[in-house]
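Colleague: This is model-v7.txt (compact mmCIF, C-alpha atoms).
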```
# COMPACT_ATOMS: atom_id res chain seq x y z
CA MET A 1 -19.65 47.34 -19.40
CA ALA A 2 -19.51 43.57 -18.87
CA ASP A 3 -18.35 42.10 -15.57
CA SER A 4 -14.79 40.73 -15.59
CA LEU A 5 -14.40 36.98 -16.08
CA ASP A 6 -12.14 34.88 -13.82
CA VAL A 7 -10.42 31.58 -14.70
CA SER A 8 -13.34 29.51 -13.41
CA GLY A 9 -15.71 31.11 -15.91
CA GLN A 10 -17.58 33.14 -13.28
CA THR A 11 -18.04 36.87 -13.48
CA GLY A 12 -16.83 39.21 -10.79
CA ALA A 13 -20.43 39.78 -9.72
CA GLU A 14 -20.91 36.04 -9.22
CA THR A 15 -17.75 35.60 -7.15
CA ASN A 16 -18.35 38.65 -4.93
CA ARG A 17 -20.56 36.80 -2.48
CA SER A 18 -21.54 37.92 0.98
CA PRO A 19 -20.51 35.99 4.12
CA ALA A 20 -24.14 34.90 4.53
CA GLN A 21 -24.21 33.46 1.00
CA LEU A 22 -20.97 31.57 1.62
CA ARG A 23 -22.29 30.16 4.90
CA ASN A 24 -25.53 29.07 3.23
CA MET A 25 -23.74 27.34 0.35
CA PHE A 26 -21.37 25.62 2.77
CA GLY A 27 -24.26 24.56 5.02
CA THR A 28 -26.24 23.16 2.08
CA ASN A 29 -23.23 21.20 0.86
CA LEU A 30 -22.48 19.90 4.34
CA ARG A 31 -26.06 18.63 4.74
CA HIS A 32 -25.75 16.87 1.40
CA LEU A 33 -22.46 15.22 2.40
CA ALA A 34 -23.81 14.20 5.80
CA GLN A 35 -26.93 12.44 4.49
CA ASN A 36 -25.02 9.24 3.69
CA TYR A 37 -24.10 8.74 7.35
CA PRO A 38 -26.42 7.01 9.82
CA SER A 39 -26.21 9.80 12.41
CA ILE A 40 -24.82 13.29 12.83
CA SER A 41 -23.38 12.25 16.20
CA GLU A 42 -21.26 9.51 14.57
CA LEU A 43 -20.16 11.82 11.77
CA SER A 44 -19.22 14.58 14.23
CA ARG A 45 -17.21 12.09 16.27
CA ARG A 46 -15.29 10.91 13.20
CA LEU A 47 -14.58 14.51 12.23
CA GLY A 48 -13.57 15.49 15.75
CA ILE A 49 -16.06 18.36 15.79
CA ASN A 50 -18.57 19.17 18.54
CA ARG A 51 -22.03 18.06 17.40
CA THR A 52 -23.70 21.35 18.35
CA GLN A 53 -21.08 23.29 16.41
CA PHE A 54 -21.42 20.94 13.44
CA ASN A 55 -25.19 21.53 13.40
CA ARG A 56 -24.51 25.29 13.31
CA TYR A 57 -22.29 24.77 10.27
CA MET A 58 -25.03 22.80 8.51
CA SER A 59 -27.68 25.43 9.27
CA GLY A 60 -25.51 28.24 7.94
CA GLU A 61 -25.35 29.96 11.34
CA SER A 62 -21.61 29.59 11.72
CA PHE A 63 -18.47 29.03 9.66
CA PRO A 64 -15.44 26.87 10.59
CA ARG A 65 -11.92 28.08 11.19
CA PRO A 66 -9.49 27.42 8.29
CA ASP A 67 -8.02 24.33 9.99
CA ILE A 68 -11.48 22.87 10.64
CA LEU A 69 -12.51 23.62 7.05
CA ASP A 70 -9.40 21.81 5.82
CA ARG A 71 -10.27 18.82 8.04
CA ILE A 72 -13.81 18.68 6.62
CA CYS A 73 -12.62 18.98 3.01
CA THR A 74 -10.01 16.25 3.54
CA PHE A 75 -12.52 13.89 5.14
CA PHE A 76 -15.09 14.29 2.35
CA GLU A 77 -12.46 14.49 -0.41
CA VAL A 78 -13.61 17.85 -1.73
CA ASP A 79 -11.82 21.17 -2.05
CA ALA A 80 -12.55 24.81 -1.23
CA ARG A 81 -15.15 24.98 -3.99
CA ILE A 82 -17.47 23.61 -1.32
CA LEU A 83 -17.97 27.32 -0.50
CA LEU A 84 -18.96 28.28 -4.03
CA GLU A 85 -20.55 25.36 -5.89
CA PRO A 86 -23.08 22.60 -5.18
CA VAL A 87 -21.10 19.62 -3.94
CA GLU A 88 -22.85 17.29 -6.43
CA THR A 89 -20.90 18.97 -9.23
CA ILE A 90 -17.61 19.14 -7.33
CA GLY A 91 -17.46 15.40 -6.73
CA ARG A 92 -17.92 14.59 -10.40
CA GLN A 93 -15.12 16.71 -11.81
CA GLY A 94 -11.95 14.90 -12.82
CA GLN A 95 -13.30 11.47 -11.87
CA ILE A 96 -14.01 8.55 -14.16
CA LEU A 97 -16.69 6.51 -12.39
CA ASN A 98 -18.42 9.64 -11.04
CA GLY A 99 -17.79 11.66 -14.19
CA PRO A 100 -20.64 12.74 -16.45
CA PHE A 101 -20.54 9.63 -18.68
CA LEU A 102 -20.76 6.96 -15.92
CA ALA A 103 -22.17 8.87 -12.93
CA ASP A 104 -25.70 7.48 -13.30
CA PHE A 105 -24.48 3.98 -14.11
CA LEU A 106 -21.40 2.63 -12.28
CA GLY A 107 -21.06 5.80 -10.21
CA HIS A 108 -24.59 5.54 -8.82
CA GLY A 109 -23.90 2.22 -7.09
CA ILE A 110 -20.60 3.47 -5.68
CA ARG A 111 -22.14 6.63 -4.22
CA HIS A 112 -25.15 4.86 -2.70
CA LEU A 113 -23.47 2.00 -0.86
CA ASP A 114 -24.19 2.57 2.84
CA GLU A 115 -23.06 1.00 6.10
CA THR A 116 -26.26 -1.00 6.47
CA THR A 117 -25.79 -2.75 3.14
CA PHE A 118 -22.09 -3.50 3.52
CA PRO A 119 -20.48 -2.26 6.75
CA THR A 120 -16.94 -1.02 7.23
CA GLY A 121 -14.46 -3.34 8.94
CA PHE A 122 -12.53 -6.58 8.60
CA TYR A 123 -13.92 -9.55 6.67
CA ARG A 124 -12.77 -13.17 6.62
CA PHE A 125 -13.41 -14.87 3.29
CA THR A 126 -13.29 -18.48 2.10
CA ARG A 127 -13.34 -19.82 -1.45
CA ARG A 128 -12.04 -22.78 -3.40
CA SER A 129 -8.49 -22.32 -4.66
CA PHE A 130 -8.01 -21.59 -8.34
CA VAL A 131 -4.53 -23.14 -8.37
CA ASP A 132 -5.39 -26.31 -6.43
CA SER A 133 -9.04 -27.36 -6.65
CA ASN A 134 -8.60 -29.79 -3.73
CA LYS A 135 -7.94 -26.92 -1.34
CA PHE A 136 -9.68 -23.79 -0.14
CA VAL A 137 -8.24 -20.32 0.39
CA ILE A 138 -8.95 -18.42 3.61
CA GLY A 139 -8.12 -14.72 3.61
CA LEU A 140 -8.69 -11.40 5.32
CA VAL A 141 -9.70 -8.07 3.78
CA TYR A 142 -10.45 -4.62 5.12
CA VAL A 143 -13.37 -2.52 3.85
CA PHE A 144 -13.35 1.22 4.49
CA ARG A 145 -14.97 4.42 3.28
CA SER A 146 -13.42 7.63 2.06
CA GLY A 147 -15.86 10.43 2.79
CA THR A 148 -19.02 9.91 0.75
CA THR A 149 -17.32 9.19 -2.55
CA ALA A 150 -16.42 5.51 -2.42
CA THR A 151 -16.08 2.28 -0.46
CA TYR A 152 -12.72 0.57 -0.87
CA ILE A 153 -11.42 -2.91 -0.16
CA LYS A 154 -7.85 -4.09 0.36
CA GLY A 155 -6.07 -7.26 1.38
CA TYR A 156 -3.18 -9.60 0.60
CA GLU A 157 -2.97 -12.83 -1.38
CA ALA A 158 -2.17 -15.80 0.82
CA ARG A 159 1.55 -16.61 1.00
CA ASP A 160 0.72 -20.29 0.38
CA ALA A 161 -0.92 -19.45 -2.94
CA MET A 162 1.98 -17.23 -4.06
CA ARG A 163 4.53 -19.88 -3.03
CA TYR A 164 2.57 -22.61 -4.85
CA GLN A 165 2.86 -20.60 -8.09
CA GLY A 166 6.52 -19.75 -7.55
CA LEU A 167 5.73 -16.05 -7.10
CA SER A 168 7.23 -13.52 -4.72
CA GLU A 169 5.78 -13.51 -1.21
CA ASP A 170 6.69 -9.85 -0.74
CA ALA A 171 3.80 -7.86 0.76
CA LYS A 172 3.91 -5.33 -2.06
CA MET A 173 3.44 -8.09 -4.63
CA ARG A 174 0.67 -9.80 -2.64
CA GLU A 175 -1.41 -6.68 -2.00
CA PHE A 176 -4.70 -6.17 -3.85
CA ARG A 177 -7.16 -3.29 -3.81
CA GLY A 178 -10.59 -2.60 -5.22
CA VAL A 179 -13.75 -0.54 -5.14
CA VAL A 180 -17.16 -1.75 -3.93
CA THR A 181 -20.52 -0.82 -5.43
CA SER A 182 -24.10 -1.45 -4.39
CA HIS A 183 -26.23 -3.83 -6.40
CA GLU A 184 -29.98 -4.42 -6.54
CA ASP A 185 -29.45 -7.70 -4.72
CA GLY A 186 -26.17 -7.18 -2.83
CA VAL A 187 -22.76 -5.75 -3.59
CA ALA A 188 -20.21 -6.15 -6.35
CA PHE A 189 -16.56 -5.20 -6.50
CA ILE A 190 -13.60 -5.38 -8.83
CA ILE A 191 -10.17 -6.12 -7.37
CA SER A 192 -6.71 -5.83 -8.86
CA ARG A 193 -3.16 -6.49 -7.77
CA ARG A 194 -0.56 -3.76 -8.22
CA HIS A 195 0.06 -2.63 -11.83
CA ALA A 196 -3.10 -4.52 -12.93
CA MET A 197 -1.26 -7.84 -12.62
CA THR A 198 -4.52 -9.72 -12.02
CA TYR A 199 -8.20 -8.83 -11.88
CA SER A 200 -11.24 -10.46 -10.31
CA PHE A 201 -14.95 -9.65 -10.28
CA ASN A 202 -16.80 -10.39 -7.05
CA TYR A 203 -20.51 -10.56 -6.18
CA LEU A 204 -22.01 -11.04 -2.70
CA ALA A 205 -25.50 -11.12 -1.18
CA ARG A 206 -26.29 -11.25 2.53
CA VAL A 207 -27.52 -14.57 3.90
CA GLY A 208 -29.36 -15.38 7.09
CA SER A 209 -27.28 -15.88 10.24
CA LEU A 210 -27.53 -15.16 13.96
CA GLU A 211 -25.46 -11.98 13.76
CA ASN A 212 -26.52 -11.08 10.20
CA ASN A 213 -22.85 -10.90 9.25
CA PHE A 214 -22.45 -13.37 6.36
CA TRP A 215 -22.48 -12.81 2.61
CA LEU A 216 -22.46 -15.52 -0.07
CA GLY A 217 -21.61 -15.10 -3.72
CA TYR A 218 -18.87 -15.87 -6.19
CA VAL A 219 -15.58 -14.62 -7.57
CA ALA A 220 -14.56 -14.74 -11.22
CA ARG A 221 -10.96 -14.29 -12.32
CA THR A 222 -9.93 -12.79 -15.63
CA VAL A 223 -7.96 -15.53 -17.35
CA ARG A 224 -8.12 -17.10 -20.80
CA ASP A 225 -10.25 -20.10 -21.66
CA GLY A 226 -8.50 -23.35 -20.84
CA SER A 227 -6.65 -21.91 -17.84
CA GLY A 228 -8.56 -23.95 -15.27
CA GLU A 229 -11.46 -22.90 -13.07
CA ARG A 230 -12.43 -19.27 -13.49
CA VAL A 231 -15.48 -18.93 -11.20
CA THR A 232 -16.15 -20.32 -7.73
CA ARG A 233 -18.37 -19.73 -4.69
CA MET A 234 -17.15 -17.41 -2.00
CA VAL A 235 -18.19 -16.57 1.59
CA TYR A 236 -17.52 -13.28 3.41
CA GLU A 237 -17.86 -13.01 7.19
CA HIS A 238 -17.88 -9.54 8.75
CA LEU A 239 -15.61 -9.40 11.82
CA GLY A 240 -16.19 -5.73 12.62
CA GLN A 241 -13.41 -3.40 13.75
CA ASP A 242 -12.06 -5.75 16.42
CA MET A 243 -8.31 -5.98 15.79
CA GLY A 244 -8.05 -9.09 17.99
CA ARG A 245 -10.52 -11.02 15.84
CA ALA A 246 -8.82 -9.75 12.69
CA LEU A 247 -5.37 -10.89 13.83
CA LYS A 248 -6.74 -14.29 14.81
CA ALA A 249 -8.33 -14.63 11.36
CA ALA A 250 -5.09 -13.50 9.69
CA ARG A 251 -3.16 -16.27 11.43
CA SER A 252 -5.44 -18.86 9.81
CA ALA A 253 -5.07 -17.37 6.31
CA GLY A 254 -3.80 -19.64 3.56
CA PHE A 255 -4.75 -23.05 2.19
CA SER A 256 -7.23 -25.27 4.02
CA SER A 257 -8.78 -28.67 3.44
CA THR A 258 -12.53 -29.14 3.26
CA GLN A 259 -12.75 -30.77 6.68
CA ASP A 260 -10.81 -27.93 8.31
CA LEU A 261 -13.13 -25.15 7.11
CA LEU A 262 -15.24 -23.29 9.65
CA PRO A 263 -18.56 -25.19 9.84
CA TYR A 264 -20.81 -22.38 8.64
CA HIS A 265 -18.39 -21.44 5.86
CA ARG A 266 -18.42 -25.06 4.69
CA HIS A 267 -22.23 -25.16 4.90
CA LEU A 268 -22.57 -22.09 2.70
CA LEU A 269 -19.90 -23.11 0.20
CA ARG A 270 -21.44 -26.57 -0.38
CA PRO A 271 -18.12 -28.01 -1.62
CA GLU A 272 -19.76 -31.23 -2.79
CA GLU A 273 -21.93 -29.32 -5.27
CA PRO A 274 -20.46 -27.93 -8.52
CA PHE A 275 -20.82 -24.18 -9.01
CA ARG A 276 -23.42 -23.17 -11.59
```
Go ahead and render the structure in this file as structure tokens.
Modeller:
Amino acid sequence: MADSLDVSGQTGAETNRSPAQLRNMFGTNLRHLAQNYPSISELSRRLGINRTQFNRYMSGESFPRPDILDRICTFFEVDARILLEPVETIGRQGQILNGPFLADFLGHGIRHLDETTFPTGFYRFTRRSFVDSNKFVIGLVYVFRSGTTATYIKGYEARDAMRYQGLSEDAKMREFRGVVTSHEDGVAFIISRRHAMTYSFNYLARVGSLENNFWLGYVARTVRDGSGERVTRMVYEHLGQDMGRALKAARSAGFSSTQDLLPYHRHLLRPEEPFR
């Protein structure tokens, strides 16, 4: 007589696993999820779990309480199938960029973007304005990670730029969000305002500096031909997680003249040279 079949397509024999098998699957998946982090100590701290105990979970020696399991699943954006299936397959179900069609193309760069290549934190950026070519836009964005699945970016359009175009300065209207992906020679990300009002494609590569915290590239906006400049140079400066530095940078956000730009930003942007 055949084994019964449950809704997941597994037979009763396959789902009737021993505690040791569950611990081993969970430990294997946890090791896979942890490999994208620079250290187990840092990961344990972010999870709020004792490092020794976390190592026991990864080795399959121990199993977390339900509340700890829920915390782990929430952090890594997986569900309870982490006990039953390889996590590589869990993360690809129901997702577009990490789905079977794009996983080895766009999804690959998203999954393999690490802290060394593009660290989490606040960034100050400078670029020439698209609405007034005689001015530059200074802004602030925040880059953060959600488990091991993606690196996100969010920020707000400068009030000056919205006012110049006669648009609402409401925070909800100014907010933009995007996803960052690794690139052979840097990072790339696509950004959109709410309801896909506007899109931009961005590319950055790290440049030499004392603190190794500058990226230079360009931003291209999605507008029709004849609508003015569509591509311009852009500088990103990593400010880290320091809220004081971020707030100071936020206060300087908006339009700026060439002479008022930060010296190294101006040096990298080369405003006297046309973008090619």
Colleague: Between A:Val143, A:Leu210, A:Leu262, A:Ile68, which one has atoms that come closest to Gln241 of chain A, using only C-alpha atoms?
Modeller: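 Once distances to Gln241 of chain A are computed over only C-alpha atoms, the minimum belongs to A:Val143.
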Colleague: Do a neighbour search on Tyr199 of chain A at 9 Å with all atoms listed in the file, toss out local chain neighbours closer than 5 positions, and write the hits as a PDB file with C-alpha atoms, in the frame of the given file.
Modeller:
```pdb
ATOM      1  CA  ILE A 190     -13.600  -5.380  -8.830  1.00  0.00           C
ATOM      2  CA  ILE A 191     -10.170  -6.120  -7.370  1.00  0.00           C
ATOM      3  CA  SER A 192      -6.710  -5.830  -8.860  1.00  0.00           C
ATOM      4  CA  ARG A 193      -3.160  -6.490  -7.770  1.00  0.00           C
ATOM      5  CA  ALA A 220     -14.560 -14.740 -11.220  1.00  0.00           C
ATOM      6  CA  ARG A 221     -10.960 -14.290 -12.320  1.00  0.00           C
ATOM      7  CA  THR A 222      -9.930 -12.790 -15.630  1.00  0.00           C
ATOM      8  CA  VAL A 223      -7.960 -15.530 -17.350  1.00  0.00           C
TER       9      VAL A 223
END
```
Colleague: Would you kindly identify which residues have an atom no farther than 7 Å from (-11.9, 27.2, 2.9), using all atoms listed in the file and the file's own coordinates, and write them out as a list of chain:residue names?
Modeller: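 The residues that fall inside the cut-off are A:Pro66, A:Leu69, A:Asp70, A:Ala80, A:Leu83.
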Colleague: Please, which residues in segment 208-262 of chain A fall within 7 Å of segment 120-129 of chain A when counting all atoms listed in the file, and what is the closest atom pair and distance in Å to one decimal for each, ordered by chain then residue number, as JSON lines?
Modeller:
```
{"residue": "A:Thr232", "atom": "CA", "partner": "A:Arg128", "partner_atom": "CA", "distance": 6.5}
{"residue": "A:Arg233", "atom": "CA", "partner": "A:Arg127", "partner_atom": "CA", "distance": 6.0}
{"residue": "A:Met234", "atom": "CA", "partner": "A:Arg127", "partner_atom": "CA", "distance": 4.5}
{"residue": "A:Val235", "atom": "CA", "partner": "A:Thr126", "partner_atom": "CA", "distance": 5.3}
{"residue": "A:Tyr236", "atom": "CA", "partner": "A:Phe125", "partner_atom": "CA", "distance": 4.4}
{"residue": "A:Glu237", "atom": "CA", "partner": "A:Arg124", "partner_atom": "CA", "distance": 5.1}
{"residue": "A:His238", "atom": "CA", "partner": "A:Tyr123", "partner_atom": "CA", "distance": 4.5}
{"residue": "A:Leu239", "atom": "CA", "partner": "A:Phe122", "partner_atom": "CA", "distance": 5.3}
{"residue": "A:Gly240", "atom": "CA", "partner": "A:Gly121", "partner_atom": "CA", "distance": 4.7}
{"residue": "A:Gln241", "atom": "CA", "partner": "A:Gly121", "partner_atom": "CA", "distance": 4.9}
{"residue": "A:Ala246", "atom": "CA", "partner": "A:Phe122", "partner_atom": "CA", "distance": 6.4}
{"residue": "A:Ala249", "atom": "CA", "partner": "A:Arg124", "partner_atom": "CA", "distance": 6.7}
```
Colleague: Any idea what the distance is between atom CA of Asn134 of chain A and atom CA of Pro271 of chain A?
Modeller: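 Separation of atom CA of Asn134 of chain A and atom CA of Pro271 of chain A: 9.9 Å.
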Colleague: In Å, with one decimal, what is the gap from atom CA of Arg111 of chain A to atom CA of Ala150 of chain A?
Modeller: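 Value for the atom CA of Arg111 of chain A-atom CA of Ala150 of chain A distance: 6.1 Å.
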Colleague: Using all atoms listed in the file, which of A:Leu22, A:Val78, A:Ala34, A:Leu43 sits nearest Phe63 of chain A?
Modeller: A:Leu22
Colleague: Using all atoms listed in the file, pick whichever of A:Tyr152, A:Phe275, A:Phe201, A:Phe255 has the shortest atom-to-atom distance to Gly139 of chain A.
Modeller: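 Under the stated criterion, the closest residue is A:Phe255.
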Colleague: Quick one: distance from atom CA of Gly48 of chain A to atom CA of Phe76 of chain A in Å, one decimal?
Modeller: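 Taking atom CA of Gly48 of chain A as the start and atom CA of Phe76 of chain A as the end point, the length is 13.5 Å.
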Colleague: Go through A:Leu106, A:Ser41, A:Met58, A:Phe26 one by one, measure the shortest atom-to-atom distance of each to Cys73 of chain A using only C-alpha atoms, and give the residue with the smallest value.
Modeller: A:Phe26
Colleague: Name all residues at most 8 Å from segment 36-38 of chain A (count all atoms listed in the file; drop same-chain ones fewer than 5 positions away) and give them as a list of chain:residue names.
Modeller: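 Result of the neighbour search: A:Leu43, A:His112, A:Asp114, A:Glu115, A:Thr148.
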Colleague: Would you mind exporting segment 105-131 of chain A with N, CA and C atoms, as a compact mmCIF listing (two decimals), in the first residue's frame?
Modeller:
```txt
# COMPACT_ATOMS: atom_id res chain seq x y z
N PHE A 105 20.71 34.96 -12.72
CA PHE A 105 21.01 36.17 -13.48
C PHE A 105 20.91 37.38 -12.53
N LEU A 106 19.77 38.04 -12.47
CA LEU A 106 19.63 39.17 -11.55
C LEU A 106 19.70 38.72 -10.09
N GLY A 107 19.12 37.57 -9.78
CA GLY A 107 19.11 37.09 -8.40
C GLY A 107 20.48 36.80 -7.86
N HIS A 108 21.40 36.35 -8.70
CA HIS A 108 22.75 36.02 -8.25
C HIS A 108 23.44 37.23 -7.64
N GLY A 109 23.37 38.38 -8.32
CA GLY A 109 24.02 39.59 -7.82
C GLY A 109 23.39 40.10 -6.54
N ILE A 110 22.08 39.92 -6.40
CA ILE A 110 21.39 40.36 -5.20
C ILE A 110 21.80 39.50 -4.01
N ARG A 111 21.89 38.19 -4.21
CA ARG A 111 22.21 37.29 -3.11
C ARG A 111 23.67 37.39 -2.68
N HIS A 112 24.56 37.81 -3.58
CA HIS A 112 25.99 37.78 -3.28
C HIS A 112 26.60 39.15 -3.04
N LEU A 113 25.78 40.12 -2.66
CA LEU A 113 26.30 41.44 -2.31
C LEU A 113 26.60 41.46 -0.81
N ASP A 114 27.88 41.56 -0.45
CA ASP A 114 28.25 41.48 0.97
C ASP A 114 28.62 42.85 1.53
N GLU A 115 28.85 42.87 2.84
CA GLU A 115 29.16 44.11 3.54
C GLU A 115 30.46 44.74 3.06
N THR A 116 31.42 43.92 2.67
CA THR A 116 32.70 44.44 2.21
C THR A 116 32.55 45.23 0.92
N THR A 117 31.72 44.73 0.03
CA THR A 117 31.53 45.37 -1.27
C THR A 117 30.73 46.66 -1.15
N PHE A 118 29.67 46.62 -0.37
CA PHE A 118 28.81 47.80 -0.21
C PHE A 118 28.19 47.74 1.18
N PRO A 119 28.80 48.40 2.16
CA PRO A 119 28.37 48.24 3.56
C PRO A 119 27.02 48.90 3.88
N THR A 120 26.38 48.37 4.89
CA THR A 120 25.15 48.92 5.43
C THR A 120 25.42 50.29 6.04
N GLY A 121 24.42 51.15 6.05
CA GLY A 121 24.55 52.44 6.71
C GLY A 121 24.02 53.60 5.89
N PHE A 122 24.31 54.81 6.37
CA PHE A 122 23.88 56.03 5.68
C PHE A 122 24.91 56.42 4.62
N TYR A 123 24.41 56.98 3.53
CA TYR A 123 25.27 57.49 2.46
C TYR A 123 24.81 58.90 2.07
N ARG A 124 25.78 59.79 1.89
CA ARG A 124 25.50 61.10 1.32
C ARG A 124 25.85 61.02 -0.17
N PHE A 125 24.95 61.51 -1.02
CA PHE A 125 25.25 61.48 -2.45
C PHE A 125 25.17 62.88 -3.04
N THR A 126 25.90 63.09 -4.13
CA THR A 126 25.88 64.35 -4.86
C THR A 126 25.85 64.05 -6.35
N ARG A 127 25.00 64.75 -7.06
CA ARG A 127 24.92 64.64 -8.52
C ARG A 127 24.40 65.95 -9.09
N ARG A 128 24.59 66.14 -10.38
CA ARG A 128 24.02 67.32 -11.03
C ARG A 128 22.50 67.18 -11.10
N SER A 129 21.80 68.28 -10.93
CA SER A 129 20.35 68.26 -10.98
C SER A 129 19.85 68.01 -12.40
N PHE A 130 18.79 67.22 -12.50
CA PHE A 130 18.17 66.99 -13.81
C PHE A 130 17.21 68.12 -14.18
N VAL A 131 16.73 68.86 -13.19
CA VAL A 131 15.75 69.91 -13.48
C VAL A 131 16.40 71.29 -13.61
```
